[in-house]
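**Student:** Pasting in a structure now, in structure tokens, and then I'll have a few things to ask.
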Amino acid sequence: MIEEGRALFLQIAESVEDAIIEGSLAEEAQAPSTNELAGFYRINPATAAKGIAMLTDKGVLYKRRGIGMFVAPGARELLLAERRTAFADRFVEPLLVEARKLGLGPEDLTLLINDRASAHAD
């Protein structure tokens, strides 16, 4: 899971986010501890703590004193909204720019996307 060239704490945070989005880590469920994450990924606990702190700062996780970190209510929707925006910025905006250059309108794009989606459904 660990990728070269990307900050480890970002990868830890993203893996916890993925678990929340996929539903394997539900809202109000206890999140893995920094020591559990450090042991699993074989990294320094301080690095794991930095990823957890990032999620706490974003409001995805919250701390119950003496118990641990938990998934905040609304965390999944928060993460989905954030990722949808990032997806639009990274993929949809360039798609629209290129479509304009090619003279493609919304209907043309819809047909192209539906054709490709049908091909991948098989």
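As shown in the structure tokens, the chain order sets the letters A, B, ...; within each chain, residues go from 1, and ligands are also counted from 1 in the order they appear.
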Hey, what's within 8 Å of A:Gln30 if we count only C-alpha atoms and toss same-chain stuff fewer than 3 positions away? As a tab-separated table (two decimals) with all heavy atoms, in the first residue's frame, please?
**Tutor:**
```
chain	number	residue	atom	x	y	z
A	25	LEU	N	-15.40	1.34	7.85
A	25	LEU	CA	-15.21	2.09	9.09
A	25	LEU	C	-16.39	3.06	9.20
A	25	LEU	O	-16.41	4.09	8.54
A	25	LEU	CB	-13.87	2.82	9.07
A	25	LEU	CG	-13.35	3.41	10.37
A	25	LEU	CD1	-13.29	2.36	11.48
A	25	LEU	CD2	-11.97	4.00	10.17
A	68	GLY	N	-9.95	6.63	22.69
A	68	GLY	CA	-9.32	6.61	21.37
A	68	GLY	C	-10.00	7.54	20.39
A	68	GLY	O	-10.78	8.41	20.77
A	69	MET	N	-9.71	7.32	19.12
A	69	MET	CA	-10.25	8.14	18.03
A	69	MET	C	-11.47	7.44	17.42
A	69	MET	O	-11.48	6.22	17.29
A	69	MET	CB	-9.19	8.36	16.95
A	69	MET	CG	-7.91	9.02	17.46
A	69	MET	SD	-8.17	10.63	18.22
A	69	MET	CE	-8.62	11.60	16.81
A	70	PHE	N	-12.45	8.26	17.06
A	70	PHE	CA	-13.69	7.74	16.48
A	70	PHE	C	-14.05	8.53	15.23
A	70	PHE	O	-13.68	9.70	15.08
A	70	PHE	CB	-14.82	7.83	17.50
A	70	PHE	CG	-14.67	6.86	18.63
A	70	PHE	CD1	-13.81	7.12	19.69
A	70	PHE	CD2	-15.37	5.66	18.63
A	70	PHE	CE1	-13.64	6.21	20.72
A	70	PHE	CE2	-15.21	4.75	19.65
A	70	PHE	CZ	-14.34	5.02	20.71
A	71	VAL	N	-14.80	7.88	14.35
A	71	VAL	CA	-15.26	8.52	13.12
A	71	VAL	C	-16.38	9.48	13.47
A	71	VAL	O	-17.35	9.11	14.13
A	71	VAL	CB	-15.73	7.47	12.09
A	71	VAL	CG1	-16.22	8.15	10.82
A	71	VAL	CG2	-14.62	6.48	11.79
```
**Student:** Per residue of stretch 20-99 of chain A within 10 Å of stretch 2-15 of chain A, note the shortest atom pair and the distance in Å to one decimal, counting only C-alpha atoms, and order the rows by chain and increasing residue number, as a Markdown table.
**Tutor:**
```
| residue | atom | partner | partner_atom | distance |
| --- | --- | --- | --- | --- |
| A:Ile20 | CA | A:Ser15 | CA | 8.8 |
| A:Ile21 | CA | A:Ser15 | CA | 9.9 |
| A:Thr34 | CA | A:Ile12 | CA | 9.7 |
| A:Leu37 | CA | A:Ile12 | CA | 7.7 |
| A:Ala38 | CA | A:Ile12 | CA | 9.2 |
| A:Tyr41 | CA | A:Ile2 | CA | 7.6 |
| A:Arg42 | CA | A:Ile2 | CA | 9.9 |
| A:Ile43 | CA | A:Leu8 | CA | 8.4 |
| A:Asn44 | CA | A:Leu8 | CA | 9.7 |
| A:Ala46 | CA | A:Phe9 | CA | 9.0 |
| A:Thr47 | CA | A:Phe9 | CA | 5.4 |
| A:Ala48 | CA | A:Phe9 | CA | 5.8 |
| A:Ala49 | CA | A:Phe9 | CA | 7.8 |
| A:Lys50 | CA | A:Phe9 | CA | 5.8 |
| A:Gly51 | CA | A:Phe9 | CA | 4.3 |
| A:Ile52 | CA | A:Ala13 | CA | 6.2 |
| A:Ala53 | CA | A:Ala13 | CA | 8.8 |
| A:Met54 | CA | A:Ala13 | CA | 7.2 |
| A:Leu55 | CA | A:Ala13 | CA | 6.5 |
| A:Thr56 | CA | A:Ala13 | CA | 10.0 |
```
**Student:** Give me, as an MDAnalysis selection string, all polymer residues having an atom no more than 12 Å from stretch 104-120 of chain A, counting only C-alpha atoms and skipping those fewer than 5 positions away in the same chain.
**Tutor:** chainID A and resid 92 95:99
**Student:** Going by DSSP on the backbone, which residues of stretch 40-97 of chain A come out as helix (DSSP H, G or I)? List them as a PyMOL selection string.
**Tutor:** chain A and resi 40-41+45-58+75-97
**Student:** Okay, now the selection with N, CA, C and O atoms, as a short mmCIF file (atom, residue, chain, number, x, y, z; two decimals), in the first residue's frame?
**Tutor:**
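Output file out-v3.cif follows:
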```cif
data_model
loop_
_atom_site.label_atom_id
_atom_site.label_comp_id
_atom_site.auth_asym_id
_atom_site.auth_seq_id
_atom_site.Cartn_x
_atom_site.Cartn_y
_atom_site.Cartn_z
N PHE A 40 0.96 -1.98 11.51
CA PHE A 40 0.46 -2.57 10.27
C PHE A 40 1.31 -2.15 9.07
O PHE A 40 1.66 -2.96 8.21
N TYR A 41 1.62 -0.84 8.99
CA TYR A 41 2.36 -0.32 7.85
C TYR A 41 3.87 -0.30 8.07
O TYR A 41 4.62 0.11 7.19
N PRO A 45 5.36 5.57 14.67
CA PRO A 45 4.07 6.01 15.22
C PRO A 45 3.81 7.51 15.07
O PRO A 45 2.67 7.93 14.90
N ALA A 46 4.87 8.32 15.09
CA ALA A 46 4.70 9.76 14.91
C ALA A 46 4.16 10.09 13.51
O ALA A 46 3.38 11.02 13.34
N THR A 47 4.56 9.31 12.54
CA THR A 47 4.08 9.50 11.16
C THR A 47 2.60 9.15 11.08
O THR A 47 1.80 9.90 10.48
N ALA A 48 2.22 8.05 11.69
CA ALA A 48 0.81 7.66 11.73
C ALA A 48 0.00 8.71 12.47
O ALA A 48 -1.11 9.08 12.05
N ALA A 49 0.55 9.22 13.57
CA ALA A 49 -0.14 10.24 14.37
C ALA A 49 -0.38 11.51 13.55
O ALA A 49 -1.41 12.17 13.69
N LYS A 50 0.57 11.84 12.69
CA LYS A 50 0.41 13.03 11.84
C LYS A 50 -0.77 12.86 10.87
O LYS A 50 -1.55 13.78 10.65
N GLY A 51 -0.92 11.66 10.32
CA GLY A 51 -2.06 11.38 9.43
C GLY A 51 -3.38 11.43 10.18
O GLY A 51 -4.36 11.99 9.69
N ILE A 52 -3.40 10.89 11.39
CA ILE A 52 -4.61 10.92 12.22
C ILE A 52 -4.94 12.35 12.62
O ILE A 52 -6.10 12.77 12.61
N ALA A 53 -3.91 13.13 12.95
CA ALA A 53 -4.13 14.54 13.33
C ALA A 53 -4.72 15.33 12.16
O ALA A 53 -5.59 16.19 12.36
N MET A 54 -4.28 15.02 10.96
CA MET A 54 -4.83 15.69 9.78
C MET A 54 -6.33 15.42 9.66
O MET A 54 -7.12 16.33 9.38
N LEU A 55 -6.73 14.16 9.90
CA LEU A 55 -8.14 13.81 9.82
C LEU A 55 -8.94 14.45 10.97
O LEU A 55 -10.10 14.81 10.79
N THR A 56 -8.32 14.59 12.11
CA THR A 56 -8.97 15.26 13.24
C THR A 56 -9.19 16.73 12.91
O THR A 56 -10.27 17.27 13.15
N ASP A 57 -8.17 17.35 12.35
CA ASP A 57 -8.28 18.77 11.97
C ASP A 57 -9.37 19.00 10.93
O ASP A 57 -10.02 20.05 10.93
N LYS A 58 -9.57 18.03 10.05
CA LYS A 58 -10.61 18.13 9.01
C LYS A 58 -12.00 17.83 9.55
O LYS A 58 -12.99 18.05 8.86
N ALA A 75 -18.88 12.26 8.62
CA ALA A 75 -17.54 12.15 8.02
C ALA A 75 -17.60 11.61 6.59
O ALA A 75 -16.91 12.11 5.71
N ARG A 76 -18.42 10.62 6.37
CA ARG A 76 -18.50 10.01 5.04
C ARG A 76 -18.96 11.03 4.00
O ARG A 76 -18.38 11.15 2.93
N GLU A 77 -20.02 11.76 4.33
CA GLU A 77 -20.52 12.78 3.40
C GLU A 77 -19.51 13.89 3.17
O GLU A 77 -19.35 14.37 2.05
N LEU A 78 -18.81 14.28 4.21
CA LEU A 78 -17.76 15.29 4.10
C LEU A 78 -16.67 14.83 3.13
O LEU A 78 -16.27 15.57 2.23
N LEU A 79 -16.23 13.58 3.30
CA LEU A 79 -15.19 13.04 2.43
C LEU A 79 -15.67 12.86 1.00
O LEU A 79 -14.94 13.14 0.05
N LEU A 80 -16.91 12.40 0.83
CA LEU A 80 -17.46 12.25 -0.52
C LEU A 80 -17.53 13.60 -1.23
O LEU A 80 -17.17 13.70 -2.41
N ALA A 81 -17.98 14.63 -0.54
CA ALA A 81 -18.07 15.96 -1.14
C ALA A 81 -16.68 16.47 -1.52
O ALA A 81 -16.48 17.02 -2.61
N GLU A 82 -15.73 16.25 -0.64
CA GLU A 82 -14.35 16.67 -0.91
C GLU A 82 -13.78 15.95 -2.13
O GLU A 82 -13.17 16.56 -2.99
N ARG A 83 -14.01 14.66 -2.20
CA ARG A 83 -13.47 13.89 -3.32
C ARG A 83 -14.20 14.18 -4.63
O ARG A 83 -13.60 14.15 -5.70
N ARG A 84 -15.50 14.46 -4.55
CA ARG A 84 -16.23 14.84 -5.78
C ARG A 84 -15.68 16.14 -6.35
O ARG A 84 -15.50 16.27 -7.56
N THR A 85 -15.41 17.09 -5.48
CA THR A 85 -14.84 18.37 -5.91
C THR A 85 -13.47 18.15 -6.53
O THR A 85 -13.16 18.70 -7.59
N ALA A 86 -12.64 17.35 -5.89
CA ALA A 86 -11.30 17.06 -6.42
C ALA A 86 -11.40 16.34 -7.76
O ALA A 86 -10.62 16.62 -8.69
N PHE A 87 -12.35 15.41 -7.88
CA PHE A 87 -12.56 14.69 -9.13
C PHE A 87 -12.94 15.66 -10.24
O PHE A 87 -12.40 15.60 -11.35
N ALA A 88 -13.86 16.56 -9.95
CA ALA A 88 -14.29 17.54 -10.95
C ALA A 88 -13.13 18.43 -11.38
O ALA A 88 -12.94 18.70 -12.57
N ASP A 89 -12.34 18.88 -10.41
CA ASP A 89 -11.20 19.74 -10.72
C ASP A 89 -10.15 19.01 -11.55
O ASP A 89 -9.59 19.57 -12.49
N ARG A 90 -9.90 17.76 -11.20
CA ARG A 90 -8.81 17.01 -11.83
C ARG A 90 -9.19 16.40 -13.17
O ARG A 90 -8.37 16.30 -14.08
N PHE A 91 -10.45 15.99 -13.32
CA PHE A 91 -10.84 15.26 -14.52
C PHE A 91 -11.91 15.96 -15.36
O PHE A 91 -11.80 16.00 -16.58
N VAL A 92 -12.95 16.45 -14.73
CA VAL A 92 -14.08 17.00 -15.49
C VAL A 92 -13.71 18.33 -16.15
O VAL A 92 -14.01 18.54 -17.33
N GLU A 93 -13.05 19.20 -15.41
CA GLU A 93 -12.68 20.51 -15.98
C GLU A 93 -11.79 20.36 -17.22
O GLU A 93 -12.10 20.95 -18.26
N PRO A 94 -10.72 19.56 -17.17
CA PRO A 94 -9.92 19.36 -18.39
C PRO A 94 -10.72 18.70 -19.52
O PRO A 94 -10.51 19.02 -20.69
N LEU A 95 -11.63 17.80 -19.17
CA LEU A 95 -12.48 17.17 -20.17
C LEU A 95 -13.32 18.21 -20.90
O LEU A 95 -13.43 18.20 -22.13
N LEU A 96 -13.89 19.13 -20.15
CA LEU A 96 -14.73 20.17 -20.74
C LEU A 96 -13.91 21.11 -21.63
O LEU A 96 -14.38 21.52 -22.70
N VAL A 97 -12.72 21.43 -21.19
CA VAL A 97 -11.85 22.31 -21.99
C VAL A 97 -11.52 21.64 -23.32
O VAL A 97 -11.63 22.27 -24.38
#
```
**Student:** Give me, please, the distance in Å between atom CA of A:Pro73 and atom CA of A:Ala29, quoted to one decimal.
**Tutor:**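 We find that atom CA of A:Pro73 and atom CA of A:Ala29 lie 9.7 Å from each other.
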